[in-house]
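Enquirer: Contents of my_file-v7.csv (CSV, C-alpha atoms):
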```
chain,number,residue,atom,x,y,z
X,1,MET,CA,83.3,81.3,53.3
X,2,VAL,CA,86.7,82.8,54.3
X,3,SER,CA,90.1,82.8,52.8
X,4,SER,CA,92.5,80.1,54.0
X,5,VAL,CA,94.8,82.8,55.5
X,6,ALA,CA,93.4,85.8,57.4
X,7,LEU,CA,95.2,89.2,57.2
X,8,GLY,CA,96.1,90.4,60.7
X,9,GLY,CA,95.6,94.1,61.4
X,10,ASP,CA,97.8,94.3,64.5
X,11,VAL,CA,100.5,96.1,62.5
X,12,PHE,CA,98.3,98.7,60.9
X,13,CYS,CA,99.2,102.2,62.2
X,14,TRP,CA,102.0,100.6,64.3
X,15,THR,CA,104.9,99.1,62.3
X,16,ALA,CA,103.0,99.8,59.1
X,17,ASP,CA,102.0,103.4,58.5
X,18,GLU,CA,98.5,104.1,57.0
X,19,GLN,CA,99.6,104.4,53.4
X,20,THR,CA,101.5,101.0,53.6
X,21,SER,CA,98.6,99.4,55.5
X,22,CYS,CA,96.2,100.4,52.7
X,23,LEU,CA,98.5,99.1,50.0
X,24,VAL,CA,98.7,95.8,51.9
X,25,LEU,CA,94.9,95.6,52.2
X,26,ASP,CA,94.5,96.5,48.5
X,27,GLU,CA,96.9,93.7,47.4
X,28,TYR,CA,95.4,91.1,49.8
X,29,VAL,CA,92.0,91.7,48.4
X,30,ARG,CA,93.3,91.8,44.8
X,31,THR,CA,94.8,88.4,45.2
X,32,GLY,CA,91.5,86.9,46.5
X,33,GLY,CA,91.8,87.4,50.2
X,34,ASN,CA,88.6,88.3,52.1
X,35,PHE,CA,89.2,87.7,55.8
X,36,ILE,CA,90.5,90.7,57.9
X,37,ASP,CA,91.3,90.4,61.6
X,38,THR,CA,91.6,93.3,64.0
X,39,ALA,CA,90.8,94.3,67.6
X,40,ASP,CA,89.9,97.4,69.6
X,41,VAL,CA,93.2,97.2,71.5
X,42,TYR,CA,95.3,97.5,68.4
X,43,SER,CA,97.7,99.3,68.8
X,44,ALA,CA,97.4,100.6,72.4
X,45,TRP,CA,100.9,99.6,73.2
X,46,ALA,CA,102.5,102.0,70.7
X,47,PRO,CA,103.6,105.5,71.9
X,48,ASP,CA,100.7,108.0,71.9
X,49,HIS,CA,98.2,105.3,71.0
X,50,THR,CA,95.1,104.4,73.0
X,51,GLY,CA,93.7,101.5,70.9
X,52,GLY,CA,91.4,101.5,67.9
X,53,GLU,CA,94.0,102.8,65.5
X,54,SER,CA,93.9,99.6,63.4
X,55,GLU,CA,90.1,99.7,63.2
X,56,SER,CA,90.2,103.3,62.1
X,57,VAL,CA,92.7,102.7,59.3
X,58,ILE,CA,90.7,99.7,58.1
X,59,GLY,CA,87.5,101.9,58.2
X,60,ARG,CA,89.0,104.6,56.1
X,61,TRP,CA,90.3,102.0,53.6
X,62,LEU,CA,86.9,100.4,53.5
X,63,LYS,CA,85.2,103.7,52.7
X,64,ARG,CA,87.7,104.3,49.9
X,65,SER,CA,87.7,100.8,48.5
X,66,GLY,CA,84.0,100.2,48.5
X,67,CYS,CA,84.5,96.4,49.0
X,68,ARG,CA,82.9,95.9,52.4
X,69,ASP,CA,80.3,93.4,51.1
X,70,GLU,CA,83.0,91.1,49.7
X,71,LEU,CA,84.8,90.8,53.1
X,72,VAL,CA,84.6,89.0,56.4
X,73,ILE,CA,85.7,91.4,59.1
X,74,ALA,CA,86.5,90.2,62.6
X,75,SER,CA,87.4,92.3,65.7
X,76,LYS,CA,87.8,91.6,69.4
X,77,VAL,CA,86.9,93.1,72.8
X,78,GLY,CA,88.2,92.8,76.3
X,79,LYS,CA,91.8,94.0,76.4
X,80,LYS,CA,91.6,97.7,75.6
X,81,PRO,CA,93.3,99.5,78.5
X,82,ASP,CA,90.5,102.0,79.1
X,83,ARG,CA,87.8,99.3,78.9
X,84,PRO,CA,89.0,95.9,80.1
X,85,GLY,CA,86.7,93.0,80.8
X,86,LEU,CA,83.5,91.7,79.3
X,87,SER,CA,80.7,93.2,81.3
X,88,GLU,CA,77.5,94.0,79.4
X,89,GLU,CA,78.0,97.7,79.6
X,90,SER,CA,81.6,97.6,78.5
X,91,VAL,CA,81.0,95.3,75.6
X,92,ALA,CA,77.9,97.3,74.4
X,93,LYS,CA,80.0,100.5,74.3
X,94,ALA,CA,83.0,98.8,72.8
X,95,VAL,CA,81.1,97.2,69.9
X,96,GLY,CA,79.5,100.5,69.1
X,97,GLU,CA,82.9,102.2,69.0
X,98,SER,CA,84.4,99.4,66.8
X,99,LEU,CA,81.5,99.7,64.3
X,100,SER,CA,82.0,103.5,64.2
X,101,ARG,CA,85.7,103.3,63.6
X,102,LEU,CA,85.3,100.6,61.0
X,103,GLY,CA,82.4,102.5,59.4
X,104,ILE,CA,80.2,99.4,59.1
X,105,SER,CA,76.8,98.5,60.6
X,106,GLU,CA,77.7,94.9,61.6
X,107,LEU,CA,80.8,92.9,62.5
X,108,ASP,CA,80.9,89.5,60.8
X,109,LEU,CA,82.8,87.9,63.7
X,110,TYR,CA,83.3,89.3,67.2
X,111,TYR,CA,85.7,87.7,69.7
X,112,ALA,CA,86.0,87.8,73.5
X,113,HIS,CA,89.7,88.7,73.3
X,114,GLU,CA,90.5,87.1,76.7
X,115,ASP,CA,88.7,85.5,79.6
X,116,ASP,CA,87.2,87.7,82.3
X,117,LEU,CA,87.5,85.5,85.3
X,118,ALA,CA,85.4,87.7,87.5
X,119,MET,CA,82.4,87.2,85.3
X,120,PRO,CA,80.3,83.9,85.1
X,121,ILE,CA,80.6,82.1,81.8
X,122,ASP,CA,76.8,82.0,81.3
X,123,GLU,CA,76.7,85.8,81.7
X,124,LYS,CA,79.4,86.3,79.1
X,125,ALA,CA,77.7,83.9,76.7
X,126,GLY,CA,74.4,85.9,77.2
X,127,VAL,CA,76.1,89.3,76.6
X,128,PHE,CA,77.6,88.1,73.2
X,129,SER,CA,74.4,86.3,72.2
X,130,SER,CA,72.5,89.6,72.7
X,131,LEU,CA,74.8,91.3,70.2
X,132,VAL,CA,73.7,88.8,67.5
X,133,ASP,CA,70.0,89.5,68.4
X,134,SER,CA,70.6,93.2,68.1
X,135,GLY,CA,72.3,92.9,64.7
X,136,ASP,CA,75.6,94.4,65.9
X,137,ILE,CA,77.4,91.1,65.1
X,138,ARG,CA,76.8,88.1,62.9
X,139,ALA,CA,78.8,85.5,64.8
X,140,ILE,CA,80.7,85.0,68.1
X,141,GLY,CA,84.3,84.0,68.7
X,142,VAL,CA,86.4,83.2,71.7
X,143,SER,CA,90.1,83.9,72.1
X,144,ASN,CA,92.7,83.0,74.8
X,145,PHE,CA,90.4,80.9,76.9
X,146,SER,CA,91.4,77.7,78.6
X,147,ALA,CA,89.9,74.4,77.3
X,148,ARG,CA,87.7,74.2,80.4
X,149,ARG,CA,86.4,77.7,80.1
X,150,LEU,CA,85.8,77.4,76.4
X,151,GLU,CA,83.8,74.2,76.9
X,152,SER,CA,81.8,75.9,79.6
X,153,TRP,CA,80.9,78.7,77.2
X,154,VAL,CA,79.7,76.1,74.7
X,155,GLN,CA,77.7,74.3,77.3
X,156,ALA,CA,76.2,77.6,78.6
X,157,SER,CA,75.0,78.5,75.1
X,158,ARG,CA,73.3,75.2,74.7
X,159,ALA,CA,71.7,75.3,78.2
X,160,ASN,CA,70.3,78.8,77.7
X,161,ALA,CA,69.5,78.7,74.0
X,162,TYR,CA,72.1,81.4,73.3
X,163,HIS,CA,73.8,81.9,70.0
X,164,PRO,CA,76.9,79.7,70.3
X,165,PRO,CA,80.5,80.6,69.5
X,166,VAL,CA,81.5,79.5,66.0
X,167,ALA,CA,85.2,80.2,66.1
X,168,VAL,CA,88.2,80.1,68.5
X,169,GLN,CA,91.4,82.1,68.1
X,170,PRO,CA,94.3,80.5,70.0
X,171,LEU,CA,98.0,81.1,70.0
X,172,TYR,CA,99.1,78.2,67.7
X,173,ASN,CA,102.1,77.7,65.4
X,174,LEU,CA,105.1,75.4,65.0
X,175,MET,CA,106.8,76.8,68.1
X,176,GLU,CA,103.6,77.0,70.2
X,177,ARG,CA,101.7,73.7,70.0
X,178,GLY,CA,100.0,73.7,73.4
X,179,PHE,CA,96.6,74.1,71.7
X,180,GLU,CA,96.8,70.5,70.7
X,181,ARG,CA,96.9,69.3,74.3
X,182,LEU,CA,93.2,70.0,75.2
X,183,GLU,CA,91.7,73.0,73.4
X,184,ARG,CA,91.7,71.3,70.0
X,185,ASP,CA,89.5,68.5,71.3
X,186,VAL,CA,87.0,71.0,72.7
X,187,ALA,CA,87.0,72.9,69.4
X,188,ARG,CA,86.5,69.7,67.4
X,189,ALA,CA,83.7,68.4,69.6
X,190,ALA,CA,81.9,71.8,69.4
X,191,GLY,CA,82.5,72.2,65.7
X,192,LEU,CA,84.4,75.5,66.2
X,193,ALA,CA,86.5,76.9,63.4
X,194,VAL,CA,90.1,77.4,64.6
X,195,ILE,CA,91.6,80.7,63.5
X,196,PRO,CA,95.2,80.7,65.0
X,197,TYR,CA,97.0,83.9,65.7
X,198,SER,CA,100.8,84.4,65.5
X,199,ALA,CA,101.0,81.9,62.7
X,200,LEU,CA,104.6,82.8,62.1
X,201,ALA,CA,105.5,83.0,65.8
X,202,GLY,CA,106.0,86.8,65.7
X,203,GLY,CA,108.0,86.5,62.5
X,204,PHE,CA,110.5,83.8,63.8
X,205,LEU,CA,109.1,81.2,61.4
X,206,SER,CA,109.7,83.5,58.4
X,207,GLY,CA,113.4,82.8,58.8
X,208,LYS,CA,114.3,86.5,59.2
X,209,TYR,CA,115.9,85.9,62.7
X,210,ARG,CA,119.4,84.7,62.3
X,211,SER,CA,121.7,83.5,65.1
X,212,GLY,CA,124.0,86.3,66.2
X,213,SER,CA,122.1,89.1,64.4
X,214,ARG,CA,119.2,91.3,65.2
X,215,ALA,CA,116.2,91.5,62.8
X,216,ASP,CA,114.6,94.8,61.9
X,217,SER,CA,111.4,94.1,63.7
X,218,ALA,CA,109.5,95.5,66.7
X,219,ARG,CA,108.8,91.8,67.7
X,220,THR,CA,112.4,90.7,68.0
X,221,ASP,CA,112.6,90.8,71.8
X,222,GLY,CA,109.4,88.7,72.1
X,223,THR,CA,110.8,86.0,69.8
X,224,SER,CA,114.3,85.7,71.1
X,225,ALA,CA,113.4,82.6,73.2
X,226,TYR,CA,112.7,80.7,70.0
X,227,SER,CA,116.2,81.0,68.7
X,228,VAL,CA,117.4,78.3,71.2
X,229,GLY,CA,116.2,74.7,71.8
X,230,ARG,CA,114.2,73.4,68.9
X,231,GLY,CA,114.1,76.7,67.1
X,232,PRO,CA,117.1,76.2,64.8
X,233,ALA,CA,116.0,72.7,63.9
X,234,VAL,CA,112.5,74.0,63.0
X,235,THR,CA,113.8,76.8,60.8
X,236,ALA,CA,116.3,74.4,59.1
X,237,ALA,CA,113.5,72.0,58.3
X,238,LEU,CA,111.3,74.9,57.0
X,239,LYS,CA,114.2,76.2,54.8
X,240,ALA,CA,114.8,72.7,53.3
X,241,ILE,CA,111.1,72.2,52.4
X,242,ALA,CA,110.9,75.8,51.1
X,243,GLY,CA,113.8,75.1,48.8
X,244,GLN,CA,112.2,72.0,47.5
X,245,GLN,CA,108.9,73.7,47.0
X,246,ASN,CA,110.4,76.9,45.7
X,247,VAL,CA,108.4,79.1,48.1
X,248,PRO,CA,109.4,81.4,51.0
X,249,ILE,CA,110.0,79.8,54.4
X,250,ALA,CA,107.0,81.6,55.9
X,251,SER,CA,104.7,80.0,53.3
X,252,VAL,CA,105.7,76.5,54.6
X,253,ALA,CA,105.0,77.4,58.2
X,254,ILE,CA,101.6,78.7,57.2
X,255,ALA,CA,100.9,75.6,55.1
X,256,TRP,CA,101.8,73.3,58.0
X,257,LEU,CA,99.3,75.2,60.2
X,258,ARG,CA,96.6,75.0,57.6
X,259,ALA,CA,97.0,71.3,57.4
X,260,GLN,CA,96.3,70.8,61.1
X,261,PRO,CA,92.9,69.4,62.2
X,262,THR,CA,90.2,72.0,62.9
X,263,VAL,CA,92.3,74.9,61.5
X,264,VAL,CA,90.3,77.0,59.0
X,265,ALA,CA,92.5,80.1,58.5
X,266,PRO,CA,95.7,81.1,60.2
X,267,ILE,CA,96.2,84.8,60.9
X,268,SER,CA,99.3,86.5,59.7
X,269,SER,CA,100.2,90.2,59.2
X,270,ALA,CA,102.4,92.1,56.7
X,271,ARG,CA,104.0,95.3,57.7
X,272,ARG,CA,105.5,95.7,54.2
X,273,LEU,CA,104.0,95.0,50.8
X,274,ASP,CA,106.9,92.7,49.9
X,275,GLN,CA,105.9,90.4,52.9
X,276,LEU,CA,102.5,89.7,51.5
X,277,PRO,CA,103.4,87.2,48.7
X,278,ALA,CA,104.7,84.7,51.3
X,279,LEU,CA,101.3,84.8,53.0
X,280,ILE,CA,99.5,84.4,49.7
X,281,ALA,CA,101.7,81.4,48.7
X,282,GLY,CA,101.1,79.9,52.1
X,283,ALA,CA,97.4,80.0,51.5
X,284,ARG,CA,97.8,77.9,48.4
X,285,LEU,CA,100.7,75.6,49.2
X,286,VAL,CA,99.8,71.9,50.0
X,287,LEU,CA,102.5,70.0,51.8
X,288,THR,CA,103.1,66.3,51.4
X,289,THR,CA,102.5,63.9,54.2
X,290,ALA,CA,106.2,63.4,54.6
X,291,GLU,CA,106.9,67.2,54.8
X,292,ILE,CA,104.2,67.6,57.5
X,293,SER,CA,105.7,64.7,59.4
X,294,VAL,CA,109.2,66.2,59.3
X,295,LEU,CA,107.9,69.5,60.8
X,296,GLN,CA,105.8,67.6,63.4
X,297,ASP,CA,108.9,65.8,64.5
X,298,VAL,CA,111.2,68.8,64.9
X,299,SER,CA,108.8,71.3,66.3
X,300,ASP,CA,107.8,72.0,69.8
X,301,PRO,CA,106.1,68.9,71.3
X,302,VAL,CA,102.8,69.1,73.1
X,303,PRO,CA,103.4,69.2,76.9
X,304,GLY,CA,102.2,66.1,78.6
X,305,ALA,CA,101.4,64.3,75.3
```
Show me the file's structure as structure tokens.
Expert:
Amino acid sequence: MVSSVALGGDVFCWTADEQTSCLVLDEYVRTGGNFIDTADVYSAWAPDHTGGESESVIGRWLKRSGCRDELVIASKVGKKPDRPGLSEESVAKAVGESLSRLGISELDLYYAHEDDLAMPIDEKAGVFSSLVDSGDIRAIGVSNFSARRLESWVQASRANAYHPPVAVQPLYNLMERGFERLERDVARAAGLAVIPYSALAGGFLSGKYRSGSRADSARTDGTSAYSVGRGPAVTAALKAIAGQQNVPIASVAIAWLRAQPTVVAPISSARRLDQLPALIAGARLVLTTAEISVLQDVSDPVPGA
């Protein structure tokens, strides 16, 4: 059983220093959260970083907090600059390094972070299945795969009696609804838990980006495209519903995602302690059918639907 919102570790030791990261982790667990998401590539993009920094912070926090047995910890492999791809040798080394940084003996959920097109699907499925057999991981996840490749992994697992994937982590939020086009049907048919990343569209759906001003965020450049087109209408609808519900705007965006078919736990991060209450409120908020319909109507439509 996992919390209805997962805490993203992408900001740890990047836009949140170690002390702040640990305070956020403490508060998330104190309020009932138990699902922490990270990756071996976090945060290789930051100056003087090589990847693994987020896992290391979480590992030191786990040692201090002593609450490992209460948590579900997920990590990912395949995008670290010094070890890209999903070959058997690469994954075996990567999982060992992730376990060492986290200071744990087993990952609860381990994702293929992105597809390795040079590698046959059945071979990838076999590599991850072997990690379950060896006791390095408990369950398999797949992230950033096309619907066709995701379905092929599921079929390869069945055909070869491999441990199947149990979760899929797509880009999915009110501004990015392409997942609904094909991937959702595959996830539904295979019984996969959907754990969307970027639940707040890089912070855009928190309402902190205002027209004509620049937000204090490292993600601002990546979200600028959302401020045109349907973006203003989406944020206006979120603001109106948030006012009626007396909750932060971000809470409404998370609640909408939680209400979508197949979604189990959206992932969102907090680089400051004061951002966490909105995530926690979003994990508990239940929107009305009318409120969900309003957001469906104003948000980015599914291409080709």
Enquirer: Considering all atoms listed in the file, return as a PDB file with C-alpha atoms, in the coordinates of the input whatever protein or nucleic-acid residues lie within 9 Å of X:Arg138, sequence-local ones (same chain, fewer than 5 positions apart) excluded.
Expert:
```pdb
ATOM      1  CA  GLU X 106      77.700  94.900  61.600  1.00  0.00           C
ATOM      2  CA  LEU X 107      80.800  92.900  62.500  1.00  0.00           C
ATOM      3  CA  ASP X 108      80.900  89.500  60.800  1.00  0.00           C
ATOM      4  CA  LEU X 109      82.800  87.900  63.700  1.00  0.00           C
ATOM      5  CA  TYR X 110      83.300  89.300  67.200  1.00  0.00           C
ATOM      6  CA  LEU X 131      74.800  91.300  70.200  1.00  0.00           C
ATOM      7  CA  VAL X 132      73.700  88.800  67.500  1.00  0.00           C
ATOM      8  CA  ASP X 133      70.000  89.500  68.400  1.00  0.00           C
TER       9      ASP X 133
END
```
Enquirer: Expressed in Å to a single decimal, how great is the separation between atom CA of X:Gly32 and atom CA of X:Gly135?
Expert: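 Value for the atom CA of X:Gly32-atom CA of X:Gly135 distance: 27.1 Å.
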Enquirer: One decimal, in Å: what's the spacing between atom CA of X:Ser134 and atom CA of X:Glu53?
Expert: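 Value for the atom CA of X:Ser134-atom CA of X:Glu53 distance: 25.4 Å.
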Enquirer: Could you check which of X:Ser268, X:Ser293, X:Ser224, X:Thr288 is closest to X:Ser4, using only C-alpha atoms?
Expert: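 Closest candidate: X:Ser268.
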Enquirer: Mind pulling up the distance from atom CA of X:Arg271 to atom CA of X:Ala253?
Expert: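 Spanning atom CA of X:Ala253 to atom CA of X:Arg271 is a straight-line distance of 17.9 Å.
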Enquirer: As a list in words, please: the residues near X:Val186 (cut-off 12 Å, all atoms listed in the file, same-chain neighbours under 6 positions excluded).
Expert: Phe145, Ser146, Ala147, Arg148, Arg149, Leu150, Glu151, Ser152, Trp153, Val154, Gln155, Ala167, Val168, Phe179, Glu180, Leu192, Ala193, Val194 and Thr262 of chain X
Enquirer: Given all atoms listed in the file as the basis, pick out the residue of X:Gly229, X:Pro81, X:Gly9, X:Gly59 nearest to X:Ser105.
Expert: X:Gly59
